[in-house]
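Participant: Input target_23.pdb, format and content: PDB, C-alpha atoms, pLDDT in the B column.
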ATOM      1  CA  GLN G   1       0.000   0.000   0.000  1.00 80.00           C
ATOM      2  CA  VAL G   2       1.349   3.386  -1.000  1.00 86.00           C
ATOM      3  CA  GLN G   3       1.078   6.066   1.672  1.00 92.00           C
ATOM      4  CA  LEU G   4       1.366   9.773   0.964  1.00 94.00           C
ATOM      5  CA  VAL G   5       1.809  12.224   3.835  1.00 95.00           C
ATOM      6  CA  GLU G   6       1.240  15.920   3.191  1.00 96.00           C
ATOM      7  CA  SER G   7       2.442  18.764   5.374  1.00 96.00           C
ATOM      8  CA  GLY G   8       2.938  22.514   5.243  1.00 97.00           C
ATOM      9  CA  GLY G   9      -0.602  23.810   5.102  1.00 96.00           C
ATOM     10  CA  GLY G  10      -1.874  26.591   7.320  1.00 97.00           C
ATOM     11  CA  LEU G  11      -3.305  30.074   7.518  1.00 98.00           C
ATOM     12  CA  VAL G  12      -1.646  32.871   5.569  1.00 98.00           C
ATOM     13  CA  GLN G  13      -2.565  36.387   4.522  1.00 98.00           C
ATOM     14  CA  ALA G  14      -3.205  37.242   0.900  1.00 98.00           C
ATOM     15  CA  GLY G  15       0.082  37.826  -0.897  1.00 98.00           C
ATOM     16  CA  GLY G  16       1.922  35.420   1.361  1.00 98.00           C
ATOM     17  CA  SER G  17       3.637  32.122   0.631  1.00 98.00           C
ATOM     18  CA  LEU G  18       3.481  28.526   1.763  1.00 98.00           C
ATOM     19  CA  ARG G  19       5.353  25.394   0.758  1.00 98.00           C
ATOM     20  CA  LEU G  20       3.554  22.075   0.819  1.00 98.00           C
ATOM     21  CA  SER G  21       5.417  18.792   1.045  1.00 98.00           C
ATOM     22  CA  CYS G  22       4.294  15.262   0.276  1.00 97.00           C
ATOM     23  CA  ALA G  23       6.451  12.375   1.369  1.00 95.00           C
ATOM     24  CA  THR G  24       6.163   8.701   0.581  1.00 92.00           C
ATOM     25  CA  SER G  25       8.212   5.611   1.260  1.00 84.00           C
ATOM     26  CA  THR G  26       7.255   3.766  -1.900  1.00 81.00           C
ATOM     27  CA  ILE G  27      10.094   2.545  -4.087  1.00 80.00           C
ATOM     28  CA  ILE G  28       8.147   3.491  -7.210  1.00 82.00           C
ATOM     29  CA  PHE G  29       8.287   7.211  -6.384  1.00 86.00           C
ATOM     30  CA  SER G  30      11.152   8.139  -8.706  1.00 82.00           C
ATOM     31  CA  TYR G  31       9.318   7.022 -11.841  1.00 85.00           C
ATOM     32  CA  SER G  32       5.798   8.011 -10.792  1.00 90.00           C
ATOM     33  CA  THR G  33       3.909  11.084 -11.878  1.00 94.00           C
ATOM     34  CA  MET G  34       3.125  13.202  -8.836  1.00 95.00           C
ATOM     35  CA  GLY G  35       0.438  15.808  -8.579  1.00 97.00           C
ATOM     36  CA  TRP G  36      -1.199  18.350  -6.351  1.00 98.00           C
ATOM     37  CA  TYR G  37      -4.967  18.784  -6.433  1.00 98.00           C
ATOM     38  CA  ARG G  38      -7.240  20.986  -4.362  1.00 98.00           C
ATOM     39  CA  GLN G  39     -10.844  21.021  -3.293  1.00 98.00           C
ATOM     40  CA  ALA G  40     -12.611  24.103  -2.022  1.00 97.00           C
ATOM     41  CA  PRO G  41     -15.874  23.872  -0.055  1.00 92.00           C
ATOM     42  CA  GLY G  42     -18.785  23.092  -2.357  1.00 94.00           C
ATOM     43  CA  LYS G  43     -16.531  22.608  -5.377  1.00 96.00           C
ATOM     44  CA  GLN G  44     -15.080  19.645  -7.222  1.00 97.00           C
ATOM     45  CA  ARG G  45     -11.488  18.593  -6.759  1.00 97.00           C
ATOM     46  CA  GLU G  46      -9.302  20.258  -9.365  1.00 98.00           C
ATOM     47  CA  LEU G  47      -5.801  19.782 -10.692  1.00 98.00           C
ATOM     48  CA  VAL G  48      -3.201  22.276  -9.498  1.00 98.00           C
ATOM     49  CA  ALA G  49       0.058  20.906 -10.921  1.00 98.00           C
ATOM     50  CA  THR G  50       1.792  17.687 -11.924  1.00 97.00           C
ATOM     51  CA  ILE G  51       5.371  16.549 -12.391  1.00 97.00           C
ATOM     52  CA  THR G  52       6.551  13.408 -14.132  1.00 94.00           C
ATOM     53  CA  GLY G  53       9.397  11.187 -12.999  1.00 91.00           C
ATOM     54  CA  THR G  54      11.678  12.983 -15.466  1.00 92.00           C
ATOM     55  CA  GLY G  55      10.675  16.431 -14.219  1.00 94.00           C
ATOM     56  CA  THR G  56       8.175  17.594 -16.834  1.00 97.00           C
ATOM     57  CA  THR G  57       5.634  19.872 -15.197  1.00 97.00           C
ATOM     58  CA  GLU G  58       2.163  21.119 -15.956  1.00 98.00           C
ATOM     59  CA  SER G  59      -0.001  23.508 -13.977  1.00 98.00           C
ATOM     60  CA  ALA G  60      -3.450  24.992 -14.019  1.00 98.00           C
ATOM     61  CA  ASP G  61      -3.832  28.412 -15.615  1.00 97.00           C
ATOM     62  CA  SER G  62      -5.104  29.800 -12.316  1.00 97.00           C
ATOM     63  CA  VAL G  63      -1.762  29.166 -10.590  1.00 98.00           C
ATOM     64  CA  LYS G  64       0.757  29.686 -13.391  1.00 97.00           C
ATOM     65  CA  GLY G  65       3.430  32.161 -12.398  1.00 97.00           C
ATOM     66  CA  ARG G  66       2.563  31.774  -8.702  1.00 98.00           C
ATOM     67  CA  PHE G  67       2.880  28.057  -7.844  1.00 98.00           C
ATOM     68  CA  THR G  68       5.819  25.777  -8.605  1.00 98.00           C
ATOM     69  CA  ILE G  69       5.853  22.005  -8.318  1.00 98.00           C
ATOM     70  CA  SER G  70       9.138  20.207  -7.776  1.00 97.00           C
ATOM     71  CA  ARG G  71      10.417  16.866  -6.551  1.00 96.00           C
ATOM     72  CA  ASP G  72      13.399  15.383  -4.761  1.00 94.00           C
ATOM     73  CA  ASN G  73      13.696  11.743  -5.771  1.00 91.00           C
ATOM     74  CA  ALA G  74      16.408  11.129  -3.171  1.00 92.00           C
ATOM     75  CA  LYS G  75      13.932  12.116  -0.454  1.00 93.00           C
ATOM     76  CA  ASN G  76      10.827  10.607  -2.093  1.00 93.00           C
ATOM     77  CA  THR G  77       9.185  13.989  -1.695  1.00 96.00           C
ATOM     78  CA  VAL G  78       7.226  16.334  -3.929  1.00 97.00           C
ATOM     79  CA  TYR G  79       6.762  20.011  -3.135  1.00 98.00           C
ATOM     80  CA  LEU G  80       4.374  22.780  -4.051  1.00 98.00           C
ATOM     81  CA  GLN G  81       5.759  26.269  -3.564  1.00 98.00           C
ATOM     82  CA  MET G  82       2.858  28.700  -3.450  1.00 98.00           C
ATOM     83  CA  ASN G  83       3.546  32.408  -3.760  1.00 98.00           C
ATOM     84  CA  SER G  84       1.277  35.432  -4.089  1.00 98.00           C
ATOM     85  CA  LEU G  85      -1.536  33.501  -2.485  1.00 98.00           C
ATOM     86  CA  LYS G  86      -5.098  34.675  -2.986  1.00 98.00           C
ATOM     87  CA  PRO G  87      -8.249  34.021  -0.944  1.00 97.00           C
ATOM     88  CA  GLU G  88      -9.536  31.895  -3.828  1.00 97.00           C
ATOM     89  CA  ASP G  89      -6.608  29.514  -3.259  1.00 98.00           C
ATOM     90  CA  THR G  90      -8.255  28.456   0.000  1.00 98.00           C
ATOM     91  CA  ALA G  91      -8.871  24.703  -0.185  1.00 98.00           C
ATOM     92  CA  VAL G  92      -7.781  21.319   1.026  1.00 98.00           C
ATOM     93  CA  TYR G  93      -4.718  20.357  -0.991  1.00 98.00           C
ATOM     94  CA  TYR G  94      -4.151  16.708  -1.850  1.00 98.00           C
ATOM     95  CA  CYS G  95      -1.056  14.916  -3.030  1.00 97.00           C
ATOM     96  CA  ASN G  96      -1.497  12.330  -5.762  1.00 95.00           C
ATOM     97  CA  LEU G  97       0.706   9.551  -7.142  1.00 94.00           C
ATOM     98  CA  GLU G  98       0.043   7.760 -10.416  1.00 90.00           C
ATOM     99  CA  SER G  99       2.004   4.713 -11.483  1.00 86.00           C
ATOM    100  CA  PHE G 100       1.290   1.564 -13.491  1.00 85.00           C
ATOM    101  CA  GLY G 101      -2.366   2.475 -13.858  1.00 87.00           C
ATOM    102  CA  ALA G 102      -2.938   2.953 -10.130  1.00 89.00           C
ATOM    103  CA  THR G 103      -3.724   6.200  -8.326  1.00 92.00           C
ATOM    104  CA  TYR G 104      -3.059   7.020  -4.694  1.00 93.00           C
ATOM    105  CA  TRP G 105      -4.077  10.010  -2.569  1.00 96.00           C
ATOM    106  CA  GLY G 106      -2.841  11.636   0.586  1.00 95.00           C
ATOM    107  CA  GLN G 107      -5.130  12.693   3.410  1.00 96.00           C
ATOM    108  CA  GLY G 108      -5.015  16.375   2.458  1.00 96.00           C
ATOM    109  CA  THR G 109      -3.741  19.530   4.108  1.00 97.00           C
ATOM    110  CA  GLN G 110      -5.790  22.681   4.643  1.00 98.00           C
ATOM    111  CA  VAL G 111      -4.627  25.966   3.131  1.00 98.00           C
ATOM    112  CA  THR G 112      -6.529  29.075   4.181  1.00 98.00           C
ATOM    113  CA  VAL G 113      -5.754  32.481   2.696  1.00 98.00           C
ATOM    114  CA  SER G 114      -7.252  35.467   4.482  1.00 97.00           C
ATOM    115  CA  SER G 115      -7.986  38.741   2.708  1.00 94.00           C
TER     116      SER G 115
END
What is this file in C-alpha cells?
Facilitator:
Amino acid sequence: QVQLVESGGGLVQAGGSLRLSCATSTIIFSYSTMGWYRQAPGKQRELVATITGTGTTESADSVKGRFTISRDNAKNTVYLQMNSLKPEDTAVYYCNLESFGATYWGQGTQVTVSS
C-alpha cells in the first residue's frame, strides 16, 4: 500500500507564501507522476500541478506564475511552492501519485488564505 503524507498547510494572509510537502516511502516514487490537487468547499477537486518522474511539469492556468511544483527523488518527496496567495486559493490540498495504472491520494492539508 502506497502512503502519501502531506504537510505545510496553514493560515496565511493574501500575498503570502506557503510550501507544501508530500512524502512517501514507496520505491516506485522516482518514476511516478506526482500531482497536487485541491478542493474548495462546495466545489469539485481540481488539478493544481503535476510533475513526471523525469521532471516535466504542468499547472493549471489559475496558478501559473505563482505556484511551482518540484520533486526530490532522493527524499521521495514532492513540493508545491505557493507564492502570491489569494483568498480563492483556499482549499484542502491533496497529493497524488500515479504509477502503473494505479492512483493514490494523501489525506489532504488545509490551506486558508485570508484577505
Participant: Excluding same-chain residues fewer than 3 positions from Arg19 of chain G, what lies within 8 Å of it counting all atoms listed in the file, as a list in words?
Facilitator: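 So, after excluding close chain neighbours, the residues are Gly8, Gly9, Tyr79, Leu80, Gln81 and Met82 of chain G.
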Participant: Nearest residue to Ser115 of chain G out of G:Glu88, G:Glu98, G:Asp61, G:Glu6, using all atoms listed in the file?
Facilitator: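 Ranked by minimum distance to Ser115 of chain G, first place goes to G:Glu88.
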Participant: Can you spell out as a list in words the set of residues that the PyMOL selection byres ((chain G and resi 58) around 10) selects in the structure I just provided?
Facilitator: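 Applying the PyMOL selection byres ((chain G and resi 58) around 10) to the structure shown produces Gly35, Leu47, Val48, Ala49, Thr50, Ile51, Thr52, Gly55, Thr56, Thr57, Ser59, Ala60, Asp61, Lys64, Thr68 and Ile69 of chain G.
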Participant: Please report the interatomic distance between atom CA of Gln39 of chain G and atom CA of Val78 of chain G in Å with one decimal.
Facilitator: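 According to the coordinates, atom CA of Gln39 of chain G and atom CA of Val78 of chain G are separated by 18.7 Å.
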Participant: For atom CA of Arg38 of chain G and atom CA of Arg71 of chain G, determine how far apart the two atoms are, in Å to one decimal place.
Facilitator: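 Computing it gives 18.3 Å between the two atoms.
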Participant: If you count only C-alpha atoms, which residues fall within 10 Å of Ser25 of chain G, apart from same-chain ones fewer than 6 positions away, as a PyMOL selection string?
Facilitator: chain G and resi 2-5+75-77
Participant: In Å to one decimal, how far is atom CA of Leu97 of chain G from atom CA of Met34 of chain G?
Facilitator: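 Rounded to one decimal, the two atoms are 4.7 Å apart.
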Participant: What's the 10 Å shell around Leu85 of chain G, counting all atoms listed in the file, without same-chain residues fewer than 3 positions away, as a short mmCIF file (atom, residue, chain, number, x, y, z; two decimals) with C-alpha atoms, in the coordinates of the input?
Facilitator:
data_model
loop_
_atom_site.label_atom_id
_atom_site.label_comp_id
_atom_site.auth_asym_id
_atom_site.auth_seq_id
_atom_site.Cartn_x
_atom_site.Cartn_y
_atom_site.Cartn_z
CA VAL G 12 -1.65 32.87 5.57
CA GLN G 13 -2.56 36.39 4.52
CA ALA G 14 -3.20 37.24 0.90
CA GLY G 15 0.08 37.83 -0.90
CA GLY G 16 1.92 35.42 1.36
CA SER G 17 3.64 32.12 0.63
CA LEU G 18 3.48 28.53 1.76
CA VAL G 63 -1.76 29.17 -10.59
CA ARG G 66 2.56 31.77 -8.70
CA PHE G 67 2.88 28.06 -7.84
CA MET G 82 2.86 28.70 -3.45
CA GLU G 88 -9.54 31.90 -3.83
CA ASP G 89 -6.61 29.51 -3.26
CA THR G 90 -8.26 28.46 0.00
CA VAL G 111 -4.63 25.97 3.13
CA THR G 112 -6.53 29.08 4.18
CA VAL G 113 -5.75 32.48 2.70
CA SER G 114 -7.25 35.47 4.48
CA SER G 115 -7.99 38.74 2.71
#
Participant: Identify which of the residues G:Ser7, G:Ser30, G:Thr24, G:Ser70 lies closest to Tyr93 of chain G, counting all atoms listed in the file when measuring atom-to-atom distances.
Facilitator: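 Of G:Ser7, G:Ser30, G:Thr24, G:Ser70, the one nearest Tyr93 of chain G is G:Ser7, counting all atoms listed in the file.
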Participant: Given the choices G:Ser21, G:Ser62, G:Thr54, G:Thr33, which gets closest to Tyr94 of chain G if the distance is worked out from all atoms listed in the file?
Facilitator: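 So, comparing all the options, the nearest one is G:Ser21.
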Participant: Taking into account all atoms listed in the file, which residue in the set G:Thr109, G:Ala40, G:Gly65, G:Glu46 is nearest to Leu20 of chain G?
Facilitator: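 For Leu20 of chain G, the nearest of the given residues is G:Thr109.
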Participant: Where's the centre, and what are the edge lengths in Å to one decimal, of a box along x, y and z enclosing all listed atoms of segment 74-88 of chain G padded 6 Å per side, as AutoDock Vina command-line options?
Facilitator:
--center_x 3.4 --center_y 23.0 --center_z -2.3 --size_x 37.9 --size_y 36.8 --size_z 15.6
Participant: Could you tell me which residues the PyMOL selection byres ((chain G and resi 105) around 6) grabs in this file, written as a list of chain:residue names?
Facilitator: G:Cys95, G:Asn96, G:Tyr104, G:Gly106
Participant: Pick out the closest residue to Gln44 of chain G from this set: G:Gly10, G:Gln107, G:Ala91, G:Ala102. Count all atoms listed in the file.
Facilitator: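 With all atoms listed in the file as the atom set, the closest residue is G:Ala91.
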Participant: Which residue out of G:Thr103, G:Gln110, G:Val92, G:Ser84 has the minimum interatomic distance to Tyr37 of chain G when only C-alpha atoms are used?
Facilitator: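 Smallest separation from Tyr37 of chain G among the options: G:Val92.
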